[in-house]
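**Student:** The structure follows.
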Protein chains: 2
Amino acid sequence: MPDIHDLLWPRHVALIGASADLESLRGRIMHTMAGHPYQGQIYPVTRSHSEVMGRKAYASIQDLPEVPQLAVLIIPAQYIPQELERCGGAGVKAAVVLSSGFAEASGTDGSLLQADIRRIAKRYDMAVIGPNAEGFANIAAALCPTFSPALEPSERPLSPTRPARGQVTVLAQSGGIGFSFFDHGRAKEVAFRYIVTTGNEACLETMDIAEYALDEGKTEALIVLLEDVKNPHTLRRVAEKALRAGVPIITAKIGRSEAGVRAAASHTAALAGSYEAYRAMFDHYGLIEGHDIDVMIDLANAMIAWRGRLPAGRRVAICTASGGGGGWMADACTAAGLEVPILDADTRARIDRHLPAYGTSQNPVDATAQAVHKIGYAGLARLVMDAPGIDGQIVVITARSAKNLERQQTELARLAGEATKPILLWSYTLPAPQSTKILTDAGYPLSTDIRNCARAFAAMADYRALRTAFLKPIEVVSAPPMPARAAARARLAEADGVLCEWEARPLLAAYGIGTLPAARLVDTAAAAAEAAVAINAPVALKIQSPEILHKTEAGGVRLNLASPEQVGAAYAALIAAAQAQAPSARVRGVLVQAMAPPGLEMILGIKRDATFGPLLLVGLGGVNVERFKDVVLAPVPLAADAARGLLQRLKGASLLKAYRGSPARDVDALVDAMVRLAALAHDFADEIAEIDLNPVIVHAEGAGLSVVDALLVKQQA
Amino acid sequence: MPDIHDLLWPRHVALIGASADLESLRGRIMHTMAGHPYQGQIYPVTRSHSEVMGRKAYASIQDLPEVPQLAVLIIPAQYIPQELERCGGAGVKAAVVLSSGFAEASGTDGSLLQADIRRIAKRYDMAVIGPNAEGFANIAAALCPTFSPALEPSERPLSPTRPARGQVTVLAQSGGIGFSFFDHGRAKEVAFRYIVTTGNEACLETMDIAEYALDEGKTEALIVLLEDVKNPHTLRRVAEKALRAGVPIITAKIGRSEAGVRAAASHTAALAGSYEAYRAMFDHYGLIEGHDIDVMIDLANAMIAWRGRLPAGRRVAICTASGGGGGWMADACTAAGLEVPILDADTRARIDRHLPAYGTSQNPVDATAQAVHKIGYAGLARLVMDAPGIDGQIVVITARSAKNLERQQTELARLAGEATKPILLWSYTLPAPQSTKILTDAGYPLSTDIRNCARAFAAMADYRALRTAFLKPIEVVSAPPMPARAAARARLAEADGVLCEWEARPLLAAYGIGTLPAARLVDTAAAAAEAAVAINAPVALKIQSPEILHKTEAGGVRLNLASPEQVGAAYAALIAAAQAQAPSARVRGVLVQAMAPPGLEMILGIKRDATFGPLLLVGLGGVNVERFKDVVLAPVPLAADAARGLLQRLKGASLLKAYRGSPARDVDALVDAMVRLAALAHDFADEIAEIDLNPVIVHAEGAGLSVVDALLVKQQA
């Protein structure tokens with residue numbers, strides 16, 4: 001693995017393709033790099049000029065007076081391989097390839113050139129980003145090898161001038177979007193560490209840079225825009241590392257929609273995994289999704305400001321001098337899934353002493369402009385801070401005038417230092433730049449969007465809860481005994497592409513997944529009747545054919561048959577219907593199976609995602625699967641706690657609880673089946689494409705779960 | 001009705017309670033009013049000074065050299081009535097009461113004072129806003145009787161300096177929030193007409209001002225923050241008037257949540273109706289909800305810019321030089337319910353001529369920075385404009401640098417003038433103020449939030465569709481014949497508070513609501529058996545008692561009884577169970593009713609909202625009502641088209657369509673029942689509190705709908 005330190009912290013840099021023409025990207029990047037106080041040398045390399053913007057230029061990387069760690073290349077695509085080769089030969093350890101015309105271009109030439117880059121980088125163990133990238137900015141080093149207009153030199157410093165505080169690293173394939181976070185964030189007084197845009201990712205991926213930033217330990221929040229993930233294992237490893245370190249990853253996935261995938265495919269030659277699979281990863285590893293630039297920045301700001309003091313729950317107090325603003329915020333909080341409880345009597349009494357008759361302390365606390373004028377926002381928040389029934393506060397302010405806030409700055413900073421529960425700010429007026437600075441320096445995250453502020457509080461609470469659960473010692477999941485696994489493996493190996501229920505049952509049995517109702521495979525009406533007698537209960541008949549996947553629609557299922565005569569007649573009718581519907585289907589026989597007791601129909605399944613491999617699926621079963629699409633996914637293997645958490649995310653989660661006539665369902669049995677099915681999928685990650693247990697019938701508490709249909713599709717080699 | 005023109009357009013104004021102390025609200029309002037180029041006289045009225053800020057002050061309104069049309073009062077609450085009385089006596093036609101301490105304060109004194117204001121205003125036919133208001137701003141007249149910091153005099157003009165374009169009027173009870181729209185909107189180059197904050201609304205409500213603005217015809221979009229609506233009839237009239245005029249009302253309701261209601265109640269003494277009822281009104285009259293200041297401004301901007309040219313559908317093209325930005329926007333559009341279809345071959349060929357190999361024309365159109373540099377955003381959008389398969393475009397831009405946009409200004413303005421389909425802009429970088437001005441002057445709405453931009457497009461399409469349907473000639477709903485209505489009225493009058501199914505059926509029959517299965521009321525087992533024989537079909541038995549509302553839970557329902565013996569036995573068991581469960585319930589008898597054929601169980605109902613009166617409810621029925629809460633509401637009466645639209649808003653709308661084994665449902669019968677039930681509710685708006693038809697069974701197409709349970713609760717006088 002190449003050393004990313006050489007990429008981000010080079011002592012010296014060469015710019016290959018440098019130009020003085022400010023109308024060209026080559027000139028703009030030179031201008032940008034030279035315009036910031038980077039301490040190393042910047043060597044222009046070009047054959048056309050002997051000097052670029054006052055610096056001596058060199059015809060080749062080999063002519064430089066010393067070997068730079070980093071080369072930035074902005075020359076036509078076809079010359080990139082030979083130049084990169086020359087860099088490698090000269091001992092350059094890292095490169096940024098800005099040029100376009102690689103895998104993102106139509107035709108195959110570009111892809112071949114991109115493969116060359118990968119090969120050369122590998123040979124010389126170089127840390128390479130690009131091609132088709134917009135470069136990066138190392139804010140701490142004032143190194144900005146990028147032509148992004150957001151980094152053009154200006155009077156404004158790259159970083160806020162305040163005591164070192166949590167820094168944000170931004171990672172994106174897209175340069176335009178990546179640097180837009182810097183642009184928006186700067187206005188919000190965000191301290192950035194790195195902004196790295198990786199383009200086509202021939203070599204390094206965003207997640208590689210993320211891992212470097214985590215290992216370095218100076219980044220307190222990561223903003224990562226995902227287009228495609230080429231190494232899902234890196235994503236999982238990095239996500240887990242970040243979660244352990246308590247460094248939140250704020251993310252957005254481009255390609256959630258079909259049209260978005262289309263854009264990603266043409267844009268950076270990305271092979272996007274399904275969004276549902278990403279969602280499963282995000283939910284499992286606590287990545288926080290934001291669907292706009294500002295909300296992602298607000299999320300990062302809040303998480304950094306209150307790192308180590310995230311809310312222990314979802315109960316929020318709202319303080320304000322604007323009754324309308326407080327009420328609106330209460331609505332926004334409720335919409336974000338927060339609670340806004342009435343404050344306890346002691347706290348209210350403490351507040352009431354300061355309020356005029358037309359204020360209220362219940363929550364939202366409308367202190368009125370009069371009281372806030374007297375005690376300040378900090379004074380108000382301090383009165384509420386220790387209320388026992390809340391997990392944090394949102395203070396609704398007007399940050400239009402900095403003068404007013406200047407007076408309160410010391411007290412606000414003291415409160416931010418002492419508070420044990422987070423305090424977020426929403427300004428309903430547009431903050432003056434100086435107001436943003438005062439409040440950020442004092443230690444507060446400031447939102448101007450009411451939804452973003454409420455969302456940030458909710459995300460903080462969710463993140464803390466998920467991280468706490470994640471860091472708990474993992475319970476031991478009883479793996480099936482080796483012989484059972486070996487038997488399952490043998491059976492899977494000998495089976496064809498599609499395993500019907502009869503063929504899939506032994507695998508399920510080996511892993512102890514649910515109860516499998518008594519059953520026999522038969523191939524005559526007489527044998528069916530005989531089987532029914534032996535089973536000694538009402539039975540179902542089900543055709544078993546790898547070509548008839550929708551058995552019910554094909555007339556291949558008969559339910560609730562009580563007498564041998566009924567069974568015999570049903571057998572004949574079923575075979576006739578199936579032959580009429582699917583004359584060429586290979587029929588393995590008919591399954592005669594005991595009817596399971598009634599219960600809640602659910603679906604359990606495994607879907608193999610192209611990017612992330614097998615994912616466990618659980619949801620409402622039967623017809624409801626397609627009607628309500630109420631299913632959730634998680635990566636495998638899966639701990640019982642995670643399985644339980646997954647169930648809570650179903651919209652129909654309440655169906656598992658007791659309700660009027662119907663009993664509470666056996667959630668333990670369902671969780672057990674989920675964990676075991678996930679273990680099966682994990683053990684055969686490369687062999688199984690899909691498992692459908694639909695429905696499984698979840699019985700009343702203590703009565704277990706019956707698997708009454710099953711289908712397994714093998715992965716094509 | 002007083003004349004609001006006197007309030008908003010006074011020739012002269014008196015400020016009662018004027019002061020020169022800039023630390024006080026009294027001083028700030030004087031400073032603000034005097035600091036803008038209002039053409040009329042501003043007369044300070046105060047007993048403490050002979051001069052305020054260089055203007056001669058008067059001890060009383062009666063001492064002024066001329067009668068002002070408007071008095072602005074900022075004196076302690078207890079002096080307001082006498083002063084208002086004095087104003088009325090002097091011939092003042094309008095007043096703004098800024099003082100606090102009225103109905104919003106604890107205790108009853110404030111409420112009495114507020115009643116005084118109402119009485120005096122009525123006596124003198126004065127147009128009064130407040131008390132507890134923050135005043136208003138008439139931007140066109142530069143009249144700003146408010147102490148809002150957002151209106152403090154500054155070098156920045158109140159209104160953008162461009163040719164007269166669509167103006168926005170903002171209405172809110174809350175002053176802080178109301179004026180924050182001006183603050184945010186000014187940065188977005190919005191041209192405002194009025195900002196009016198109404199506080200406690202002792203006299204005039206936001207909707208009264210809205211009506212004035214609509215009648216005046218100079219407002220092209222209304223932003224209305226609703227806390228409570230005291231006159232729902234005004235809301236409905238204004239909403240309809242606005243929809244007819246094509247002036248969108250962008251709204252947010254404070255008090256969507258319990259905590260929000262709490263805030264509203266304490267803040268402005270509001271009695272908030274239920275949010276579900278507001279939602280029903282919004283959906284019915286095309287009010288557009290936004291849940292943040294900026295999104296509401298973006299919605300208003302988009303609607304104004306493309307007034308008369310709103311998108312005919314939801315198909316959007318996305319043009320960009322940033323592949324990542326285009327993909328992200330495609331996701332945002334899809335999330336907002338828009339379609340992003342691949343463009344037609346002709347359009348693509350036209351575009352492709354301008355693109356390098358690494359661009360794409362499919363949609364999103366990623367033209368690359370290179371092509372956009374050459375042909376400009378306008379050139380790109382023009383290539384896409386006439387594509388047959390789209391209803392408008394979103395152009396993803398970077399507005400960071402104004403220089404680049406300045407060059408394109410003429411071409412952009414020409415395109416905005418000529419385009420027949422709307423073009424919205426999203427800048428992923430923060431726009432320079434000059435960029436915002438250039439683009440707004442050219443005629444484009446510019447968003448900086450990707451979600452807001454996509455939402456604005458979707459809202460435009462929805463608004464056009466809803467308005468088109470609304471303006472269609474209304475189909476005649478056959479009212480039930482007068483005798484039937486009279487019979488229904490008589491029956492309702494003689495009934496007790498709660499009507500069981502047996503008592504409610506004649507009312508439903510009178511209005512022809514669905515099919516009522518054959519039934520008889522009996523009071524012995526023998527009579528029950530006899531009724532079953534007469535009905536000659538499997539029957540249900542249902543206890544009829546106004547005290548047993550949940551019959552099933554009380555053991556008061558038996559289904560699918562085939563033989564007279566079964567019926568007799570079931571009768572006895574049912575009576576025993578009911579007596580055990582509810583020993584004191586008055587039992588009217590047992591209903592023996594033919595079982596209805598199977599079908600989709602739905603609920604139809606009427607709920608009387610405290611604010612808006614009767615609302616029709618429709619949703620998934622049976623147990624699903626409480627489990628999935630998939631219900632929607634609409635005001636009554638209801639046209640068939642609106643009823644049909646209502647059904648489409650159900651999450652489970654697809655259940656009405658054919659699906660695998662199950663047939664398409666009789667939507668026509670369902671719509672007919674909805675229209676008739678709404679007519680019944682409308683006719684008896686003051687007499688009926690609630691009707692529950694749960695379930696109604698919707699049969700296959702052409703087979704109608706059976707009402708198999710009914711409950712009617714009369715409104716308490």
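Just so we're on the same page: first chain in the structure tokens is A, next is B, and so on; residues restart at 1 for each chain, and ligands are numbered from 1 in the order they show up.
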Give me, as a PyMOL selection string, the residues of stretch 60-130 of chain A that a backbone DSSP run labels strand (DSSP E or B).

**Tutor:** chain A and resi 70-73+94-97+127-129

**Student:** Counting only C-alpha atoms, give me one row per residue of chain B with an atom at most 7 Å from an atom of chain A, showing the shortest contact pair and its distance in Å to one decimal, sorted by chain then residue number, as CSV.

**Tutor:**
```
residue,atom,partner,partner_atom,distance
B:Gly101,CA,A:Tyr358,CA,6.1
B:Glu104,CA,A:Tyr358,CA,5.5
B:Ala105,CA,A:Tyr358,CA,3.7
B:Ser106,CA,A:Ala357,CA,5.5
B:Ser174,CA,A:Gly324,CA,5.0
B:Gly176,CA,A:Ser322,CA,6.0
B:Ile177,CA,A:Gly325,CA,6.1
B:Ser180,CA,A:Thr429,CA,4.9
B:Asp183,CA,A:Thr429,CA,6.1
B:His184,CA,A:Leu430,CA,5.9
B:Ile254,CA,A:Trp328,CA,5.2
B:Gly255,CA,A:Gly327,CA,6.4
B:Arg256,CA,A:Asp331,CA,5.6
B:Ser257,CA,A:Asp331,CA,5.1
B:Ala259,CA,A:Ala330,CA,5.7
B:Gly260,CA,A:Gly327,CA,4.4
B:Ala263,CA,A:Gly327,CA,4.8
B:Ala264,CA,A:Gly327,CA,6.1
B:Ser266,CA,A:Thr360,CA,6.6
B:His267,CA,A:Gly323,CA,5.2
B:Asp292,CA,A:Ile450,CA,5.8
B:Ser322,CA,A:Gly176,CA,6.0
B:Gly323,CA,A:His267,CA,5.2
B:Gly324,CA,A:Ser174,CA,5.0
B:Gly325,CA,A:Ile177,CA,6.1
B:Gly326,CA,A:Ala263,CA,6.7
B:Gly327,CA,A:Gly260,CA,4.4
B:Trp328,CA,A:Ile254,CA,5.2
B:Ala330,CA,A:Gly260,CA,5.0
B:Asp331,CA,A:Ser257,CA,5.2
B:Thr334,CA,A:Ser257,CA,6.3
B:Val340,CA,A:Ala259,CA,6.1
B:Ala357,CA,A:Ala105,CA,5.0
B:Tyr358,CA,A:Ala105,CA,3.7
B:Thr360,CA,A:Ser266,CA,6.6
B:Pro364,CA,A:Ala263,CA,6.0
B:Tyr428,CA,A:Ser180,CA,6.0
B:Thr429,CA,A:Ser180,CA,4.9
B:Leu430,CA,A:His184,CA,5.9
B:Asp449,CA,A:Asp292,CA,6.3
B:Ile450,CA,A:Asp292,CA,5.8
B:Arg451,CA,A:Asp292,CA,6.6
```

**Student:** Can you list, as a PyMOL selection string, every protein, DNA or RNA residue that comes within 7 Å of stretch 508-513 of chain B when you count only C-alpha atoms, leaving out same-chain residues fewer than 4 positions away?

**Tutor:** chain B and resi 480+484-485+488+504+673+676-677+680

**Student:** Leaving out A:Ser99 and any residue of its chain fewer than 6 positions from it, which residues lie within 8 Å of it when counting only C-alpha atoms, given as a PDB file with N, CA, C and O atoms, in the first residue's frame?

**Tutor:**
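Dumped everything to part13.pdb:
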```
ATOM      1  N   LEU A  73      -0.301  16.261 -12.306  1.00  0.00           N
ATOM      2  CA  LEU A  73      -0.230  16.164 -13.768  1.00  0.00           C
ATOM      3  C   LEU A  73      -1.475  16.717 -14.435  1.00  0.00           C
ATOM      4  O   LEU A  73      -2.602  16.281 -14.151  1.00  0.00           O
ATOM      5  N   ILE A  74      -1.254  17.685 -15.316  1.00  0.00           N
ATOM      6  CA  ILE A  74      -2.377  18.233 -16.081  1.00  0.00           C
ATOM      7  C   ILE A  74      -1.910  18.418 -17.525  1.00  0.00           C
ATOM      8  O   ILE A  74      -1.566  19.496 -17.977  1.00  0.00           O
ATOM      9  N   ILE A  75      -1.834  17.289 -18.229  1.00  0.00           N
ATOM     10  CA  ILE A  75      -1.400  17.220 -19.621  1.00  0.00           C
ATOM     11  C   ILE A  75      -2.365  16.293 -20.338  1.00  0.00           C
ATOM     12  O   ILE A  75      -3.114  15.567 -19.683  1.00  0.00           O
ATOM     13  N   PRO A  76      -2.418  16.305 -21.656  1.00  0.00           N
ATOM     14  CA  PRO A  76      -3.394  15.447 -22.346  1.00  0.00           C
ATOM     15  C   PRO A  76      -3.285  13.983 -21.922  1.00  0.00           C
ATOM     16  O   PRO A  76      -2.186  13.491 -21.634  1.00  0.00           O
ATOM     17  N   ALA A  77      -4.431  13.328 -21.911  1.00  0.00           N
ATOM     18  CA  ALA A  77      -4.530  11.963 -21.383  1.00  0.00           C
ATOM     19  C   ALA A  77      -3.480  11.030 -21.976  1.00  0.00           C
ATOM     20  O   ALA A  77      -2.846  10.254 -21.262  1.00  0.00           O
ATOM     21  N   PRO A 131      -7.500   9.380 -12.499  1.00  0.00           N
ATOM     22  CA  PRO A 131      -7.557  10.619 -13.284  1.00  0.00           C
ATOM     23  C   PRO A 131      -8.945  11.253 -13.229  1.00  0.00           C
ATOM     24  O   PRO A 131      -9.793  10.767 -12.507  1.00  0.00           O
ATOM     25  N   ASN A 132      -9.094  12.341 -14.007  1.00  0.00           N
ATOM     26  CA  ASN A 132     -10.392  13.008 -14.082  1.00  0.00           C
ATOM     27  C   ASN A 132     -10.785  13.542 -12.708  1.00  0.00           C
ATOM     28  O   ASN A 132     -11.944  13.533 -12.333  1.00  0.00           O
ATOM     29  N   ALA A 133      -9.775  13.942 -11.911  1.00  0.00           N
ATOM     30  CA  ALA A 133     -10.032  14.480 -10.577  1.00  0.00           C
ATOM     31  C   ALA A 133      -9.849  15.987 -10.591  1.00  0.00           C
ATOM     32  O   ALA A 133      -9.347  16.543 -11.572  1.00  0.00           O
TER      33      ALA A 133
END
```

**Student:** Determine, counting only C-alpha atoms, which protein, DNA and RNA residues have an atom within 7 Å of an atom of B:Pro44; residues of the same chain fewer than 6 positions away are not included. Present the result as a compact mmCIF listing (two decimals) with N, CA and C atoms, in the first residue's frame.

**Tutor:**
```
# COMPACT_ATOMS: atom_id res chain seq x y z
N ALA B 14 -49.66 58.35 12.63
CA ALA B 14 -49.29 58.81 13.98
C ALA B 14 -48.64 57.65 14.72
N LEU B 15 -47.56 57.96 15.46
CA LEU B 15 -46.92 56.93 16.27
C LEU B 15 -47.17 57.26 17.74
N ILE B 16 -48.06 56.53 18.35
CA ILE B 16 -48.47 56.86 19.72
C ILE B 16 -47.61 56.08 20.70
N ALA B 18 -44.27 57.38 20.86
CA ALA B 18 -42.98 57.61 20.22
C ALA B 18 -41.92 58.02 21.24
N VAL B 52 -39.41 64.60 18.84
CA VAL B 52 -38.79 63.28 18.80
C VAL B 52 -38.03 63.13 17.50
N ALA B 57 -43.47 66.79 18.32
CA ALA B 57 -44.32 65.76 18.93
C ALA B 57 -45.60 66.39 19.46
N TYR B 58 -46.66 65.57 19.54
CA TYR B 58 -47.97 66.05 19.99
C TYR B 58 -48.39 65.25 21.21
```

**Student:** Apply DSSP to the backbone of this structure and, from stretch 381-488 of chain A, keep only the residues in helix (DSSP H, G or I); write these as an MDAnalysis selection string.

**Tutor:** chainID A and resid 381:385 402:418 433:442 450:471 482:488

**Student:** Kindly export the residues of the current selection with C-alpha atoms, as a JSON list (two decimals), in the first residue's frame.

**Tutor:**
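Okay, this is what ended up in result-v2.json:
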```json
[["chain", "number", "residue", "atom", "x", "y", "z"],
["A", 381, "ALA", "CA", -30.10, 28.00, 28.27],
["A", 382, "ARG", "CA", -28.39, 27.69, 31.63],
["A", 383, "LEU", "CA", -31.75, 27.72, 33.42],
["A", 384, "VAL", "CA", -32.84, 24.77, 31.29],
["A", 385, "MET", "CA", -29.55, 22.89, 31.11],
["A", 402, "ALA", "CA", -23.45, 40.63, 15.86],
["A", 403, "LYS", "CA", -23.45, 43.50, 18.35],
["A", 404, "ASN", "CA", -25.98, 41.83, 20.54],
["A", 405, "LEU", "CA", -24.09, 38.53, 20.52],
["A", 406, "GLU", "CA", -20.72, 40.13, 21.17],
["A", 407, "ARG", "CA", -21.91, 41.15, 24.62],
["A", 408, "GLN", "CA", -22.90, 37.56, 25.38],
["A", 409, "GLN", "CA", -19.80, 35.91, 23.93],
["A", 410, "THR", "CA", -17.96, 35.17, 27.18],
["A", 411, "GLU", "CA", -21.00, 33.77, 28.91],
["A", 412, "LEU", "CA", -21.90, 31.70, 25.84],
["A", 413, "ALA", "CA", -18.39, 30.25, 25.65],
["A", 414, "ARG", "CA", -18.40, 29.41, 29.34],
["A", 415, "LEU", "CA", -21.73, 27.63, 29.00],
["A", 416, "ALA", "CA", -20.53, 25.64, 25.98],
["A", 417, "GLY", "CA", -17.55, 24.51, 28.00],
["A", 418, "GLU", "CA", -19.59, 23.48, 31.02],
["A", 433, "PRO", "CA", -20.78, 36.72, 9.18],
["A", 434, "GLN", "CA", -19.44, 38.08, 12.46],
["A", 435, "SER", "CA", -22.32, 36.45, 14.36],
["A", 436, "THR", "CA", -21.46, 33.09, 12.84],
["A", 437, "LYS", "CA", -17.88, 33.57, 13.93],
["A", 438, "ILE", "CA", -18.80, 34.57, 17.48],
["A", 439, "LEU", "CA", -21.12, 31.63, 17.99],
["A", 440, "THR", "CA", -18.84, 29.09, 16.34],
["A", 441, "ASP", "CA", -15.83, 30.31, 18.30],
["A", 442, "ALA", "CA", -17.92, 30.05, 21.46],
["A", 450, "ILE", "CA", -34.89, 24.71, 10.86],
["A", 451, "ARG", "CA", -35.10, 21.16, 9.49],
["A", 452, "ASN", "CA", -31.33, 20.76, 9.47],
["A", 453, "CYS", "CA", -31.07, 21.82, 13.09],
["A", 454, "ALA", "CA", -33.70, 19.36, 14.29],
["A", 455, "ARG", "CA", -32.21, 16.64, 12.12],
["A", 456, "ALA", "CA", -28.75, 17.25, 13.60],
["A", 457, "PHE", "CA", -30.05, 16.72, 17.13],
["A", 458, "ALA", "CA", -31.80, 13.51, 16.12],
["A", 459, "ALA", "CA", -28.73, 12.25, 14.26],
["A", 460, "MET", "CA", -26.55, 12.91, 17.31],
["A", 461, "ALA", "CA", -28.87, 10.88, 19.53],
["A", 462, "ASP", "CA", -29.10, 8.06, 16.98],
["A", 463, "TYR", "CA", -25.36, 7.97, 16.52],
["A", 464, "ARG", "CA", -24.70, 7.73, 20.22],
["A", 465, "ALA", "CA", -27.25, 4.94, 20.67],
["A", 466, "LEU", "CA", -25.94, 2.97, 17.72],
["A", 467, "ARG", "CA", -22.31, 3.42, 18.75],
["A", 468, "THR", "CA", -23.05, 2.36, 22.33],
["A", 469, "ALA", "CA", -24.69, -0.82, 21.10],
["A", 470, "PHE", "CA", -21.88, -1.42, 18.62],
["A", 471, "LEU", "CA", -19.15, -1.15, 21.25],
["A", 482, "MET", "CA", -19.08, -28.48, 11.48],
["A", 483, "PRO", "CA", -20.72, -31.68, 10.23],
["A", 484, "ALA", "CA", -23.92, -29.78, 9.55],
["A", 485, "ARG", "CA", -21.99, -27.14, 7.64],
["A", 486, "ALA", "CA", -20.15, -29.80, 5.66],
["A", 487, "ALA", "CA", -23.42, -31.53, 4.84],
["A", 488, "ALA", "CA", -24.91, -28.24, 3.73]]
```

**Student:** Rounded to one decimal in Å, what is the spacing between atom CA of B:Gly40 and atom CA of B:Ala95?

**Tutor:**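 Atom CA of B:Ala95 lies 15.9 Å from atom CA of B:Gly40.
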
**Student:** Please identify all polymer residues within 12 Å of A:Phe612, counting only C-alpha atoms, omitting same-chain residues fewer than 3 positions from it, and present them as a PyMOL selection string.

**Tutor:** chain A and resi 228-236+272-282+607-609+615-616+633-636+682+685-686

**Student:** Residues near A:Lys241, anyone? I mean within 8 Å using only C-alpha atoms, not counting same-chain ones fewer than 4 positions away, as a PyMOL selection string.

**Tutor:** chain A and resi 214+237+245

**Student:** Could you jot down the atom CA of B:Asp386 to atom CA of B:Arg165 separation for me, Å, one decimal place?

**Tutor:**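 Computed distance, atom CA of B:Asp386 to atom CA of B:Arg165, equals 25.6 Å.
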
**Student:** Ranking A:Met33, A:Glu66, A:Arg28, A:His284 by minimum distance to A:Ala643 and counting only C-alpha atoms, which one comes first?

**Tutor:** A:His284

**Student:** Would you compute the distance between atom CA of B:Gly702 and atom CA of B:Leu600? Give it in Å to one decimal.

**Tutor:** 13.8 Å
